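Printed here is protein39.cif (mmCIF, C-alpha atoms):
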```cif
data_data
#
loop_
_atom_site.label_atom_id
_atom_site.label_comp_id
_atom_site.auth_asym_id
_atom_site.auth_seq_id
_atom_site.Cartn_x
_atom_site.Cartn_y
_atom_site.Cartn_z
CA MET H 1 -95.13 21.54 -386.95
CA ASN H 2 -96.02 18.08 -385.93
CA THR H 3 -92.54 17.51 -384.80
CA ARG H 4 -92.58 20.66 -382.69
CA MET H 5 -95.87 19.64 -381.18
CA ILE H 6 -94.50 16.20 -380.29
CA SER H 7 -91.38 17.69 -378.76
CA LEU H 8 -93.36 20.12 -376.64
CA ALA H 9 -95.64 17.37 -375.46
CA ALA H 10 -92.68 15.22 -374.56
CA LEU H 11 -91.04 18.12 -372.70
CA ALA H 12 -94.27 18.76 -370.81
CA LEU H 13 -94.50 15.11 -369.81
CA LEU H 14 -90.90 15.10 -368.70
CA THR H 15 -91.45 18.28 -366.70
CA MET H 16 -94.53 16.85 -365.06
CA ALA H 17 -92.69 13.64 -364.31
CA GLY H 18 -89.78 15.56 -362.80
CA CYS H 19 -91.95 17.60 -360.53
CA ALA H 20 -93.91 14.62 -359.17
CA SER H 21 -92.72 13.47 -355.69
CA VAL H 22 -91.40 9.93 -355.18
CA GLN H 23 -93.00 7.77 -352.54
CA ILE H 24 -90.29 6.08 -350.48
CA PRO H 25 -91.39 2.94 -348.61
CA ALA H 26 -92.45 3.85 -345.10
CA ASP H 27 -90.94 0.68 -343.59
CA GLN H 28 -87.59 1.41 -345.22
CA LEU H 29 -87.58 4.93 -343.79
CA GLU H 30 -88.56 3.52 -340.45
CA ARG H 31 -85.70 0.98 -340.54
CA SER H 32 -83.22 3.69 -341.45
CA GLU H 33 -84.31 5.99 -338.64
CA ALA H 34 -84.41 3.07 -336.20
CA SER H 35 -80.83 2.15 -337.03
CA ILE H 36 -79.82 5.76 -336.36
CA ARG H 37 -81.55 5.78 -332.99
CA GLY H 38 -80.10 2.40 -332.12
CA ALA H 39 -76.59 3.59 -332.97
CA GLU H 40 -77.02 6.69 -330.85
CA GLU H 41 -78.30 4.67 -327.89
CA THR H 42 -75.39 2.26 -328.18
CA GLY H 43 -72.93 5.12 -327.85
CA ALA H 44 -71.90 5.59 -331.47
CA GLU H 45 -71.19 9.25 -330.79
CA GLY H 46 -68.31 8.18 -328.57
CA VAL H 47 -66.72 5.83 -331.11
CA PRO H 48 -64.98 7.68 -333.97
CA ALA H 49 -65.66 5.10 -336.71
CA ALA H 50 -69.24 4.63 -335.57
CA LYS H 51 -69.75 8.37 -335.31
CA LEU H 52 -68.72 8.82 -338.96
CA HIS H 53 -71.23 6.29 -340.22
CA LEU H 54 -73.90 7.65 -337.93
CA GLN H 55 -73.45 11.07 -339.47
CA LEU H 56 -73.52 9.60 -342.98
CA ALA H 57 -76.73 7.80 -342.12
CA LYS H 58 -78.33 11.02 -340.89
CA ASP H 59 -77.16 13.06 -343.88
CA GLN H 60 -78.28 10.48 -346.39
CA THR H 61 -81.64 10.07 -344.73
CA GLU H 62 -82.22 13.79 -345.08
CA SER H 63 -80.98 13.70 -348.67
CA ALA H 64 -83.30 10.83 -349.46
CA LYS H 65 -86.24 12.74 -348.05
CA LYS H 66 -85.40 15.78 -350.16
CA MET H 67 -84.89 13.64 -353.23
CA ALA H 68 -88.21 12.00 -352.66
CA ALA H 69 -89.87 15.35 -352.26
CA ASN H 70 -88.28 16.46 -355.53
CA GLY H 71 -89.39 13.34 -357.30
CA ASN H 72 -85.91 11.91 -357.59
CA ASP H 73 -86.10 8.13 -357.94
CA ARG H 74 -82.71 7.72 -356.43
CA ALA H 75 -84.22 8.59 -353.06
CA VAL H 76 -84.95 4.91 -352.41
CA LEU H 77 -81.35 3.84 -352.95
CA VAL H 78 -79.96 6.76 -350.96
CA LEU H 79 -82.22 5.74 -348.10
CA ALA H 80 -80.89 2.19 -348.42
CA ARG H 81 -77.38 3.62 -348.19
CA ALA H 82 -78.43 5.53 -345.07
CA GLU H 83 -79.84 2.37 -343.57
CA SER H 84 -76.62 0.46 -344.22
CA ASP H 85 -74.59 3.24 -342.60
CA GLY H 86 -76.93 3.37 -339.60
CA GLU H 87 -76.70 -0.39 -339.07
CA LEU H 88 -72.93 -0.30 -339.44
CA ALA H 89 -72.66 2.56 -336.90
CA LEU H 90 -74.68 0.54 -334.39
CA VAL H 91 -72.61 -2.61 -334.89
CA LEU H 92 -69.31 -0.70 -334.63
CA ALA H 93 -70.41 0.94 -331.37
CA ARG H 94 -71.51 -2.38 -329.95
CA GLU H 95 -68.25 -4.00 -331.03
CA VAL H 96 -66.24 -1.54 -328.95
CA ALA H 97 -68.33 -2.22 -325.86
CA VAL H 98 -68.09 -5.99 -326.27
CA HIS H 99 -64.36 -5.81 -326.97
CA SER H 100 -63.85 -3.83 -323.78
CA SER H 101 -65.78 -6.47 -321.88
CA ALA H 102 -63.65 -9.20 -323.45
CA LEU H 103 -60.45 -7.48 -322.33
CA GLN H 104 -61.87 -7.09 -318.83
CA ALA H 105 -62.91 -10.74 -318.72
CA THR H 106 -59.39 -11.77 -319.74
CA GLU H 107 -57.89 -9.61 -317.01
CA ASP H 108 -60.35 -11.00 -314.46
CA LEU H 109 -59.37 -14.53 -315.42
CA LYS H 110 -55.69 -13.67 -314.98
CA ALA H 111 -56.50 -12.26 -311.55
CA VAL H 112 -58.37 -15.43 -310.59
CA HIS H 113 -55.37 -17.52 -311.66
CA ALA H 114 -53.03 -15.20 -309.79
CA ARG H 115 -54.99 -15.69 -306.56
CA GLY H 116 -53.73 -19.23 -306.60
CA THR H 117 -54.40 -22.32 -308.56
CA PRO H 118 -54.96 -25.24 -306.26
CA MET Q 1 -84.53 23.37 -392.22
CA LYS Q 2 -87.09 20.91 -391.04
CA THR Q 3 -85.25 18.10 -392.65
CA ARG Q 4 -82.01 19.35 -391.26
CA ASP Q 5 -83.56 19.67 -387.82
CA LYS Q 6 -84.90 16.20 -387.91
CA SER Q 7 -81.63 14.87 -389.14
CA LEU Q 8 -79.83 16.72 -386.34
CA ILE Q 9 -82.14 15.32 -383.70
CA VAL Q 10 -81.74 11.82 -384.98
CA THR Q 11 -77.99 12.25 -385.20
CA ILE Q 12 -77.70 13.58 -381.68
CA THR Q 13 -79.97 10.84 -380.35
CA LEU Q 14 -78.02 8.10 -382.03
CA ALA Q 15 -74.76 9.63 -380.97
CA GLY Q 16 -76.01 9.79 -377.42
CA ALA Q 17 -77.27 6.23 -377.55
CA PHE Q 18 -74.00 5.08 -379.03
CA ALA Q 19 -72.03 6.99 -376.48
CA GLY Q 20 -74.16 5.55 -373.70
CA SER Q 21 -73.78 2.08 -375.11
CA MET Q 22 -70.05 2.49 -375.47
CA GLY Q 23 -69.84 3.90 -371.92
CA ALA Q 24 -71.58 0.87 -370.49
CA CYS Q 25 -69.43 -1.59 -372.32
CA ALA Q 26 -66.05 -0.02 -372.26
CA SER Q 27 -65.85 2.04 -369.00
CA THR Q 28 -63.91 0.59 -366.10
CA ALA Q 29 -65.75 -0.31 -362.92
CA PRO Q 30 -66.33 2.67 -360.58
CA GLU Q 31 -64.13 3.01 -357.54
CA GLN Q 32 -66.95 2.11 -355.15
CA LEU Q 33 -67.56 -1.15 -356.99
CA VAL Q 34 -63.87 -2.03 -357.02
CA GLU Q 35 -63.57 -1.33 -353.31
CA ALA Q 36 -66.71 -3.32 -352.56
CA ARG Q 37 -65.39 -6.29 -354.54
CA ASN Q 38 -62.02 -6.14 -352.74
CA ALA Q 39 -63.65 -5.80 -349.36
CA TYR Q 40 -65.87 -8.77 -350.01
CA ALA Q 41 -62.95 -10.86 -351.29
CA VAL Q 42 -61.00 -10.19 -348.12
CA SER Q 43 -63.94 -10.72 -345.81
CA SER Q 44 -65.08 -13.96 -347.43
CA GLY Q 45 -61.70 -15.46 -346.65
CA GLY Q 46 -61.68 -14.25 -343.05
CA LEU Q 47 -63.49 -14.43 -339.78
CA ALA Q 48 -66.87 -13.30 -341.17
CA ALA Q 49 -67.14 -16.34 -343.42
CA LYS Q 50 -67.05 -18.52 -340.35
CA LEU Q 51 -68.87 -16.42 -337.74
CA THR Q 52 -71.31 -14.21 -339.69
CA PRO Q 53 -72.11 -15.99 -342.97
CA THR Q 54 -75.64 -14.54 -343.13
CA GLU Q 55 -74.40 -10.95 -343.05
CA LEU Q 56 -71.76 -11.81 -345.60
CA TYR Q 57 -74.45 -13.32 -347.81
CA ASP Q 58 -76.41 -10.04 -347.65
CA ALA Q 59 -73.25 -8.21 -348.70
CA LYS Q 60 -72.82 -10.60 -351.61
CA ASN Q 61 -76.38 -9.95 -352.78
CA ALA Q 62 -75.77 -6.20 -352.76
CA LEU Q 63 -72.49 -6.69 -354.60
CA ASP Q 64 -74.18 -8.92 -357.20
CA ARG Q 65 -76.77 -6.24 -357.87
CA ALA Q 66 -74.03 -3.64 -358.27
CA ASP Q 67 -72.16 -5.93 -360.66
CA LYS Q 68 -75.31 -6.64 -362.62
CA GLU Q 69 -76.16 -2.98 -362.80
CA PHE Q 70 -72.66 -2.25 -364.02
CA ALA Q 71 -72.84 -5.05 -366.56
CA ASP Q 72 -76.24 -3.95 -367.81
CA HIS Q 73 -75.95 -0.19 -367.69
CA GLY Q 74 -72.39 0.72 -366.87
CA ASP Q 75 -71.32 3.25 -364.25
CA THR Q 76 -74.72 4.40 -363.05
CA TYR Q 77 -75.66 5.82 -359.68
CA GLU Q 78 -77.55 2.57 -359.03
CA CYS Q 79 -74.35 0.68 -359.58
CA ARG Q 80 -72.46 2.97 -357.23
CA ASP Q 81 -75.20 2.93 -354.60
CA TYR Q 82 -75.41 -0.85 -354.57
CA ALA Q 83 -71.60 -1.01 -354.40
CA TYR Q 84 -71.67 1.46 -351.51
CA ILE Q 85 -74.28 -0.63 -349.72
CA ALA Q 86 -72.34 -3.81 -350.44
CA GLU Q 87 -69.18 -2.39 -348.93
CA ARG Q 88 -71.06 -1.28 -345.80
CA LYS Q 89 -72.57 -4.71 -345.44
CA VAL Q 90 -69.14 -6.28 -345.74
CA GLU Q 91 -67.86 -3.97 -342.98
CA LEU Q 92 -70.91 -4.85 -340.91
CA ALA Q 93 -70.26 -8.58 -341.37
CA ASP Q 94 -66.63 -8.09 -340.31
CA ALA Q 95 -67.56 -6.01 -337.26
CA LYS Q 96 -70.17 -8.53 -336.18
CA ALA Q 97 -67.65 -11.34 -336.66
CA ARG Q 98 -65.14 -9.55 -334.42
CA THR Q 99 -67.87 -9.01 -331.87
CA GLU Q 100 -68.78 -12.69 -331.94
CA ALA Q 101 -65.11 -13.56 -331.44
CA ASP Q 102 -64.96 -11.24 -328.44
CA ARG Q 103 -68.12 -12.80 -327.06
CA ALA Q 104 -66.51 -16.21 -327.41
CA VAL Q 105 -63.50 -14.90 -325.47
CA ILE Q 106 -65.80 -13.64 -322.72
CA ALA Q 107 -67.68 -16.93 -322.58
CA GLU Q 108 -64.42 -18.87 -322.42
CA ALA Q 109 -63.02 -16.60 -319.72
CA VAL Q 110 -66.17 -16.92 -317.66
CA LYS Q 111 -66.16 -20.68 -318.07
CA ALA Q 112 -62.47 -20.93 -317.18
CA GLY Q 113 -63.01 -18.58 -314.25
CA VAL Q 114 -65.81 -20.75 -312.95
CA VAL Q 115 -63.62 -23.85 -313.27
CA VAL Q 116 -60.73 -22.19 -311.45
CA ARG Q 117 -62.98 -20.78 -308.76
CA ASP Q 118 -64.64 -24.17 -308.30
CA ALA Q 119 -61.22 -25.73 -307.91
CA GLN Q 120 -60.22 -23.03 -305.45
CA VAL Q 121 -63.40 -23.52 -303.47
CA LYS Q 122 -62.86 -27.28 -303.40
CA SER Q 123 -59.27 -26.79 -302.36
CA SER Q 124 -60.30 -24.38 -299.62
CA GLN Q 125 -62.97 -26.78 -298.42
CA ALA Q 126 -60.44 -29.61 -298.36
CA ALA Q 127 -57.98 -27.43 -296.44
CA LEU Q 128 -60.74 -26.48 -294.04
CA ALA Q 129 -61.65 -30.11 -293.51
CA ARG Q 130 -58.00 -30.98 -292.87
CA THR Q 131 -57.69 -28.13 -290.40
CA ARG Q 132 -60.82 -29.29 -288.61
CA GLU Q 133 -59.41 -32.81 -288.38
CA GLN Q 134 -56.12 -31.48 -287.07
CA LEU Q 135 -57.91 -29.37 -284.50
CA LYS Q 136 -59.95 -32.39 -283.49
CA ASP Q 137 -56.78 -34.47 -283.12
CA GLU Q 138 -55.04 -31.70 -281.24
CA ARG Q 139 -58.03 -31.33 -278.96
CA GLN Q 140 -57.90 -35.07 -278.32
CA ASP Q 141 -54.15 -34.88 -277.72
CA ASN Q 142 -54.67 -31.95 -275.41
CA THR Q 143 -57.27 -33.87 -273.46
CA THR Q 144 -54.92 -36.84 -273.17
CA THR Q 145 -52.04 -34.60 -272.19
CA THR Q 146 -54.20 -32.74 -269.71
CA ASN Q 147 -55.32 -35.99 -268.12
CA ALA Q 148 -51.74 -37.21 -267.97
CA LEU Q 149 -50.63 -33.92 -266.45
CA ARG Q 150 -53.44 -34.09 -263.94
CA ALA Q 151 -52.43 -37.63 -263.00
CA THR Q 152 -48.78 -36.58 -262.73
CA ASN Q 153 -49.80 -33.53 -260.80
CA ASN Q 154 -51.86 -35.62 -258.41
CA ALA Q 155 -49.02 -38.09 -257.97
CA GLN Q 156 -46.57 -35.28 -257.39
CA GLY Q 157 -49.02 -33.66 -255.02
CA GLN Q 158 -49.30 -36.88 -253.08
CA GLU Q 159 -45.52 -37.22 -253.09
CA LEU Q 160 -45.19 -33.66 -251.88
CA ASP Q 161 -47.73 -34.30 -249.16
CA LYS Q 162 -45.81 -37.39 -248.18
CA THR Q 163 -42.51 -35.50 -248.18
CA ALA Q 164 -44.05 -32.68 -246.20
CA ALA Q 165 -45.37 -35.18 -243.69
CA GLN Q 166 -41.96 -36.79 -243.49
CA LEU Q 167 -40.33 -33.41 -243.04
CA ALA Q 168 -42.84 -32.53 -240.35
CA ALA Q 169 -42.18 -35.84 -238.64
CA GLU Q 170 -38.44 -35.33 -238.93
CA LYS Q 171 -38.79 -31.83 -237.61
CA GLN Q 172 -40.90 -33.13 -234.77
CA ALA Q 173 -38.36 -35.85 -234.08
CA ARG Q 174 -35.51 -33.36 -234.25
CA GLU Q 175 -37.31 -31.00 -231.93
CA THR Q 176 -38.00 -33.89 -229.59
CA ALA Q 177 -34.39 -34.99 -229.77
CA GLU Q 178 -33.18 -31.45 -229.21
CA ALA Q 179 -35.52 -31.09 -226.26
CA SER Q 180 -34.35 -34.42 -224.95
CA LEU Q 181 -30.71 -33.41 -225.45
CA ALA Q 182 -31.31 -30.07 -223.79
CA GLY Q 183 -32.92 -31.84 -220.84
CA ALA Q 184 -30.13 -34.40 -220.66
CA MET Q 185 -27.45 -31.75 -220.88
CA LYS Q 186 -29.19 -29.79 -218.15
CA ASP Q 187 -29.25 -32.90 -215.95
CA LEU Q 188 -25.67 -33.61 -216.90
CA ALA Q 189 -24.57 -30.17 -215.83
CA ALA Q 190 -25.78 -31.00 -212.33
CA VAL Q 191 -23.42 -33.99 -211.99
CA ALA Q 192 -20.43 -33.10 -214.16
CA ALA Q 193 -18.49 -30.23 -215.59
CA VAL Q 194 -19.25 -29.70 -219.26
CA LYS Q 195 -17.17 -27.56 -221.60
CA GLU Q 196 -16.27 -27.19 -225.29
CA ASP Q 197 -12.78 -27.08 -226.67
CA ALA Q 198 -10.95 -28.03 -229.89
CA ARG Q 199 -11.47 -31.70 -229.24
CA GLY Q 200 -15.26 -31.37 -228.91
CA MET Q 201 -17.56 -31.46 -225.90
CA ILE Q 202 -15.76 -32.48 -222.74
CA ILE Q 203 -17.64 -34.01 -219.80
CA THR Q 204 -15.40 -34.14 -216.76
CA LEU Q 205 -16.17 -36.35 -213.79
CA SER Q 206 -14.14 -36.13 -210.64
CA GLY Q 207 -12.32 -39.33 -209.83
CA SER Q 208 -13.20 -39.01 -206.18
CA VAL Q 209 -16.91 -39.45 -206.81
CA LEU Q 210 -16.39 -42.42 -209.08
CA PHE Q 211 -13.72 -44.57 -207.48
CA VAL Q 212 -12.08 -45.46 -204.20
CA SER Q 213 -8.44 -44.36 -204.06
CA ASN Q 214 -6.13 -46.62 -206.16
CA LYS Q 215 -9.16 -48.72 -207.28
CA TYR Q 216 -11.09 -48.78 -210.50
CA ALA Q 217 -14.35 -50.34 -209.32
CA LEU Q 218 -17.21 -47.85 -209.65
CA LEU Q 219 -18.89 -46.57 -206.54
CA ASN Q 220 -22.67 -46.85 -206.30
CA THR Q 221 -23.01 -43.08 -206.34
CA ALA Q 222 -20.90 -43.04 -209.47
CA MET Q 223 -23.39 -45.27 -211.21
CA THR Q 224 -26.21 -42.82 -210.51
CA LYS Q 225 -24.19 -40.02 -212.03
CA LEU Q 226 -23.11 -42.17 -214.99
CA ASP Q 227 -26.77 -43.01 -215.65
CA GLN Q 228 -27.36 -39.34 -216.34
CA VAL Q 229 -24.16 -39.19 -218.37
CA ALA Q 230 -25.36 -42.18 -220.42
CA GLU Q 231 -28.67 -40.46 -221.13
CA ALA Q 232 -26.81 -37.35 -222.23
CA LEU Q 233 -24.53 -39.37 -224.46
CA LYS Q 234 -27.41 -41.25 -226.09
CA ALA Q 235 -29.12 -37.93 -226.72
CA GLN Q 236 -26.08 -36.74 -228.71
CA GLY Q 237 -27.00 -39.02 -231.58
CA SER Q 238 -25.48 -42.11 -233.01
CA ASP Q 239 -23.15 -40.39 -235.47
CA LYS Q 240 -20.65 -39.07 -232.90
CA ARG Q 241 -17.63 -40.89 -231.61
CA MET Q 242 -16.84 -40.80 -227.91
CA VAL Q 243 -13.64 -41.39 -225.96
CA VAL Q 244 -13.41 -42.00 -222.23
CA GLU Q 245 -10.05 -40.77 -220.89
CA GLY Q 246 -8.76 -41.76 -217.46
CA HIS Q 247 -6.41 -39.34 -215.64
CA THR Q 248 -4.48 -39.61 -212.36
CA ASP Q 249 -2.48 -37.21 -210.22
CA SER Q 250 1.29 -37.43 -210.12
CA GLN Q 251 1.39 -39.34 -206.84
CA GLY Q 252 2.91 -42.71 -207.50
CA SER Q 253 4.72 -43.99 -210.57
CA ASP Q 254 3.51 -44.12 -214.12
CA LYS Q 255 3.74 -47.85 -213.91
CA ILE Q 256 0.91 -47.71 -211.45
CA ASN Q 257 -0.92 -44.66 -212.71
CA GLN Q 258 -1.09 -45.66 -216.40
CA PRO Q 259 -2.93 -48.97 -215.96
CA LEU Q 260 -5.06 -47.42 -213.22
CA SER Q 261 -6.20 -44.63 -215.50
CA LEU Q 262 -6.96 -47.12 -218.31
CA ASN Q 263 -8.87 -49.42 -215.99
CA ARG Q 264 -10.92 -46.54 -214.65
CA ALA Q 265 -11.69 -45.30 -218.16
CA THR Q 266 -12.64 -48.80 -219.20
CA ALA Q 267 -14.86 -49.21 -216.16
CA VAL Q 268 -16.70 -46.03 -217.02
CA ARG Q 269 -16.90 -46.99 -220.73
CA ASP Q 270 -18.29 -50.44 -219.94
CA TYR Q 271 -20.89 -49.03 -217.60
CA LEU Q 272 -22.01 -46.53 -220.20
CA VAL Q 273 -22.29 -49.32 -222.79
CA SER Q 274 -24.37 -51.28 -220.30
CA ARG Q 275 -26.64 -48.25 -220.08
CA GLY Q 276 -27.28 -48.19 -223.82
CA VAL Q 277 -24.42 -46.22 -225.32
CA PRO Q 278 -23.37 -48.02 -228.55
CA SER Q 279 -20.18 -49.96 -227.86
CA GLU Q 280 -18.77 -49.31 -231.37
CA LYS Q 281 -19.02 -45.57 -230.77
CA ILE Q 282 -17.21 -45.35 -227.51
CA SER Q 283 -13.67 -46.27 -226.54
CA ALA Q 284 -11.48 -45.91 -223.46
CA VAL Q 285 -7.88 -44.69 -223.04
CA GLY Q 286 -5.58 -44.27 -220.01
CA MET Q 287 -3.65 -41.04 -219.88
CA GLY Q 288 -1.97 -41.57 -216.48
CA SER Q 289 -0.69 -38.33 -215.03
CA SER Q 290 0.47 -37.00 -218.38
CA LYS Q 291 -2.28 -34.41 -218.77
CA PRO Q 292 -2.92 -32.64 -215.48
CA ILE Q 293 -5.26 -29.72 -215.40
CA ALA Q 294 -3.55 -28.24 -212.33
CA ASP Q 295 -0.25 -28.66 -210.53
CA ASN Q 296 -0.09 -31.56 -208.11
CA LEU Q 297 1.24 -29.49 -205.19
CA THR Q 298 -1.93 -29.24 -203.18
CA PRO Q 299 -4.43 -31.91 -202.23
CA GLU Q 300 -7.19 -29.92 -203.97
CA ASN Q 301 -5.27 -29.72 -207.24
CA ARG Q 302 -4.38 -33.38 -207.14
CA ALA Q 303 -8.08 -34.18 -206.58
CA ASN Q 304 -8.90 -32.17 -209.70
CA ASN Q 305 -6.28 -34.02 -211.71
CA ARG Q 306 -7.82 -37.36 -210.73
CA ARG Q 307 -10.65 -37.39 -213.19
CA VAL Q 308 -12.41 -39.11 -216.02
CA GLU Q 309 -13.11 -37.10 -219.19
CA ILE Q 310 -15.61 -38.17 -221.77
CA ILE Q 311 -14.84 -36.47 -225.10
CA ILE Q 312 -17.67 -36.34 -227.57
CA GLY Q 313 -16.87 -35.74 -231.22
CA SER Q 314 -13.26 -36.78 -230.99
CA SER Q 315 -11.67 -38.07 -234.14
CA THR Q 316 -8.63 -39.50 -232.42
CA LEU Q 317 -10.03 -42.67 -231.02
CA SER Q 318 -7.65 -45.19 -229.65
CA ALA Q 319 -8.22 -48.86 -229.49
CA ARG Q 320 -9.17 -50.39 -226.19
#
```
Encoding of this model in structure tokens:
Amino acid sequence: MNTRMISLAALALLTMAGCASVQIPADQLERSEASIRGAEETGAEGVPAAKLHLQLAKDQTESAKKMAANGNDRAVLVLARAESDGELALVLAREVAVHSSALQATEDLKAVHARGTP
Amino acid sequence: MKTRDKSLIVTITLAGAFAGSMGACASTAPEQLVEARNAYAVSSGGLAAKLTPTELYDAKNALDRADKEFADHGDTYECRDYAYIAERKVELADAKARTEADRAVIAEAVKAGVVVRDAQVKSSQAALARTREQLKDERQDNTTTTNALRATNNAQGQELDKTAAQLAAEKQARETAEASLAGAMKDLAAVAAVKEDARGMIITLSGSVLFVSNKYALLNTAMTKLDQVAEALKAQGSDKRMVVEGHTDSQGSDKINQPLSLNRATAVRDYLVSRGVPSEKISAVGMGSSKPIADNLTPENRANNRRVEIIIGSSTLSAR
């Protein structure tokens, strides 16, 4: 009887613990969402690799929110994953733009040389 | 039953704990962790190590946490999440490194472009300066040439003026000479017969007005006529040769007539020389009766044959 009582109490505690929501750090959520916005503004939607990570960041941010609401501790790590994907999407989008500029600068330099070196 | 239940619970718990413990120690690393380790290994030997060490350091921290989690608890979601994050951070470090490299290319291109453009500008400025100098020199040369041309032009103009004046003077002189000749010829026509034939201009003077019969001394009236003839001859110009021919009629012998005709021609020639006709231009010949202009049958014809002819322009001069 004592054993049953202990088991029930433990189950109740576990149930209560499972139903309690998890508080994810506000600044972490903010960083994750900021990275998503930054990636979008940089044109990640137009860069296939960046677009993939942008979508992963969005999906994982939503998952983290749901996990947090359901009291799942993993929410914090999933949000960290989302943040890393968002940052990567932004950097990949920026890389394409800078690379394009580098190619243009190289072509411009060739054109300057072609106009005649004194 | 209670004992059995308790024993079962304990058994299951221990089995679970053992299984968990065995899982942590014996399971191989999850795929995410392996990929994260490989990605980091590659990246740490590449461009990111040089250009984005801070980002690579963040990736290493995430990877260390994944490794620690795996070492402590095995293949847990924490381990996988940290591995996932580590791999993303490695990719981010690589992407940033590539971006930095591209930025370096841009900076180098801009710098090189500025250098080339500066050189081009300097070259253009130098070329411009040379062109300006050349233009300046050419302008100077043009001024010099223009001045020289002006001087030449002035000199030529003066020469032309001089030539024109000379021509005008010559024309005036020629007109004067022609007028003088015309006047002289008009006067001459009053005292002698004048005609043109193949020998040139022929001035014929009747012997009867010049000489006494069988004599060669000039009459006074002859001198007056010869004065006009002399003026006409001088008006002909100094370039013409003149011959004075003496002719007689056929009365008498050639022995008489020949020297008489020569003496008469000489008398006329000498008088003309005394009146200013150049002596080197005029000669005298005696033709006797060899060239009559009419038969000698009548006194009138014989008078016509007794004559002195002055031929102007003759090329068949005979010595005196």
Item to check | Selection near segment 75-84 of chain H, 6 Å with only C-alpha atoms, sequence-local residues under 4 positions removed, as a PyMOL selection string | outcome: (chain H and resi 24+32+57+60-61+64+67-68) or (chain Q and resi 85)
Output the contact residues of chain H with respect to chain Q at a cut-off of 7 Å, based on all atoms listed in the file, as an mmCIF file with C-alpha atoms, keeping the file's coordinate frame.
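Everything below was put into selection.cif:
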```
data_model
loop_
_atom_site.group_PDB
_atom_site.id
_atom_site.type_symbol
_atom_site.label_atom_id
_atom_site.label_comp_id
_atom_site.auth_asym_id
_atom_site.auth_seq_id
_atom_site.Cartn_x
_atom_site.Cartn_y
_atom_site.Cartn_z
ATOM 1 C CA LEU H 77 -81.350 3.840 -352.950
ATOM 2 C CA ARG H 81 -77.380 3.620 -348.190
ATOM 3 C CA SER H 84 -76.620 0.460 -344.220
ATOM 4 C CA ASP H 85 -74.590 3.240 -342.600
ATOM 5 C CA LEU H 88 -72.930 -0.300 -339.440
ATOM 6 C CA VAL H 91 -72.610 -2.610 -334.890
ATOM 7 C CA LEU H 92 -69.310 -0.700 -334.630
ATOM 8 C CA GLU H 95 -68.250 -4.000 -331.030
ATOM 9 C CA VAL H 98 -68.090 -5.990 -326.270
ATOM 10 C CA HIS H 99 -64.360 -5.810 -326.970
ATOM 11 C CA ALA H 102 -63.650 -9.200 -323.450
ATOM 12 C CA ALA H 105 -62.910 -10.740 -318.720
ATOM 13 C CA THR H 106 -59.390 -11.770 -319.740
ATOM 14 C CA LEU H 109 -59.370 -14.530 -315.420
ATOM 15 C CA VAL H 112 -58.370 -15.430 -310.590
ATOM 16 C CA THR H 117 -54.400 -22.320 -308.560
ATOM 17 C CA PRO H 118 -54.960 -25.240 -306.260
#
```
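Here atom CA of Val285 of chain Q stands at a distance of 7.4 Å from atom CA of Thr266 of chain Q.
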Item to check | Point-to-point distance from atom CA of Lys240 of chain Q to atom CA of Gly200 of chain Q, Å rounded to tenths | outcome: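 Atom-to-atom, atom CA of Lys240 of chain Q to atom CA of Gly200 of chain Q, that is 10.2 Å.
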Next on the checklist: Could you tell me, as a PyMOL selection string, exactly which residues end up selected when the PyMOL selection byres ((chain Q and resi 283) around 6) is applied to this structure?
Outcome noted: chain Q and resi 243+282+284
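With the shown file loaded, the PyMOL selection byres ((chain Q and resi 289-303) around 8) picks out Ser206, Gly207, Ser208, His247, Thr248, Asp249, Ser250, Asp254, Asn257, Gln258, Met287, Gly288, Asn304, Asn305, Arg306 and Arg307 of chain Q.
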Item to check | Output of the PyMOL selection byres ((chain H and resi 33-36) around 8), listed as number ranges by chain | outcome: H: 29-32, 37-40, 54, 57-58, 61, 83, 86-87, 89-90
Checklist entry - What is the atom CA of Ala177 of chain Q-atom CA of Glu159 of chain Q distance in Å, reported with one decimal? => result 25.9 Å
Checklist entry - Of the candidates Q:Ala49, Q:Ala66, Q:Leu56, Q:Leu135, which one gets nearest to Glu35 of chain Q if we count all atoms listed in the file? => result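 Closest residue, counting all atoms listed in the file: Q:Ala66.
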